[in-house]
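What follows is a set of notes on a single structure, which appears directly below.
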There are 2 protein chains.
Amino acid sequence: MEWNPLKLENQLCFPLYACAKELVKKYKPFLDELNLTYTQYITMMVLWEHNSLNVKTLGKRLYLDSGTLTPLLKKLENEGLVTRTRSAGDERELIVSLTEKGVQLREKASEIPGKIGACIDLPTEDLVKLHEILHKLLKQAGG
Amino acid sequence: MEWNPLKLENQLCFPLYACAKELVKKYKPFLDELNLTYTQYITMMVLWEHNSLNVKTLGKRLYLDSGTLTPLLKKLENEGLVTRTRSAGDERELIVSLTEKGVQLREKASEIPGKIGACIDLPTEDLVKLHEILHKLLKQAGG
DNA sequence: TTAAATTAAATTGCGTACAATTAAATTGTA
DNA sequence: TACAATTTAATTGTACGCAATTTAATTTAA
């Protein structure tokens, strides 16, 4: 039995890439109810934790750059979920903050992780291990 | 210590999504040499295994639909790496086949998995476990 | 202290991704 | 046989995702 390193099945990246996409798809019906895309959802998640951050910090947390975030944040601003204001201390920085409406959306969103969890049928042991390895990988590969 | 289910760090999907993106980025310098994007690369990988398939089968393997594949395959056709012809038996099917140039590209590509592997510093045990769990997850979540 | 270097966001351009729809070919069935 | 249902790609429209460049503000250093 020969190991073919160019076989899709033998890659590390491909199952990661495919799993991520399939899992993101599972969020869609739930996120549709909040009128959010997945990327908007994780952005809101960071804001629900921190209330107010600049684009750079937000981007570091999300592994996204301003090319992705700028239009996305303008969208969220149009929806009335966040405000975008320049920092008083440093005009280069754009501060993104939750509005009252943005804060309130958190309650509806809080049901989502449980609903997603119910879709995934893996032993807890695997879930914990997966978490652990992914964070290890992200620490060295990311950034 | 309270478990916050809306914390980014506590999600399963987010590290998967972020890891996949970061890992795909690592391919870029190597793929640039072949003038391929990551999606084009995995498409070629399936073709190097099977030589000739229709779009539906290709899409099933790659977890991609015709909306993504149609323009991508036209690009590969323009580059002279594949041909696109309707099936004689069933005109609905489009058969994608490697050209000689497409076949030859495999040799250059064969160095990539090793180069990527060298970038990832995880114990073999973790790599094997990650593989195993991801395939398990893909089997139930994918499709 | 001002000119060069750096930093932060925005912009541009290209390539995915995918839902929804359309168009054409084939299959199933009355 | 004919017509409805199904199947396969292509198309359309929206939203990322990122490299590369640009613009404006700030910091560094000569």
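We label chains A, B, ... in the order they appear in the structure tokens, count residues from 1 in each chain, and number ligands from 1 in the order shown.
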- Taking the backbone alone, and naming residues the way the document does, which bits of chain A are alpha helix (DSSP H) by DSSP, as an MDAnalysis selection string? chainID A and resid 13:34 38:50 55:62 66:78 100:109 112:119 124:141
- Message: Please list as an MDAnalysis selection string every residue within 8 Å of B:Val24, counting only C-alpha atoms (C1' of nucleotides) and excluding residues in the same chain fewer than 4 positions away.
- Response: (chainID A and resid 13) or (chainID B and resid 20 28 38)
Please, which residues of chain A lie no more than 8 Å from chain C when the count uses only C-alpha atoms (C1' of nucleotides), and can they be set out as a short mmCIF file (atom, residue, chain, number, x, y, z; two decimals) with N, CA and C atoms, in the first residue's frame?
data_model
loop_
_atom_site.label_atom_id
_atom_site.label_comp_id
_atom_site.auth_asym_id
_atom_site.auth_seq_id
_atom_site.Cartn_x
_atom_site.Cartn_y
_atom_site.Cartn_z
N VAL A 55 -10.55 48.53 14.55
CA VAL A 55 -10.59 47.55 13.46
C VAL A 55 -9.38 46.62 13.52
N LYS A 56 -8.26 47.16 13.87
CA LYS A 56 -7.04 46.34 13.92
C LYS A 56 -7.17 45.20 14.93
N SER A 66 -8.64 44.55 6.97
CA SER A 66 -9.57 45.66 6.73
C SER A 66 -10.31 45.51 5.40
N GLY A 67 -9.69 44.81 4.46
CA GLY A 67 -10.35 44.59 3.18
C GLY A 67 -11.65 43.83 3.33
N THR A 70 -13.88 46.29 6.56
CA THR A 70 -14.45 47.61 6.27
C THR A 70 -15.87 47.53 5.70
N ARG A 92 -6.19 57.75 13.17
CA ARG A 92 -6.07 56.63 12.24
C ARG A 92 -6.98 55.48 12.63
N GLU A 93 -7.17 55.34 13.92
CA GLU A 93 -7.97 54.23 14.44
C GLU A 93 -9.46 54.48 14.29
N LEU A 94 -10.15 53.41 13.86
CA LEU A 94 -11.61 53.47 13.80
C LEU A 94 -12.16 52.61 14.93
#
- Message: Quick check: residues of chain A within 6 Å of chain B, only C-alpha atoms, returned as a count of residues only.
- Response: 7
- Task: Write out as a PyMOL selection string each polymer residue whose atoms come within 6 Å of stretch 72-86 of chain B, counting only C-alpha atoms (C1' of nucleotides); drop sequence neighbours fewer than 5 positions from it.
- Result: chain B and resi 91+93-99+101-102
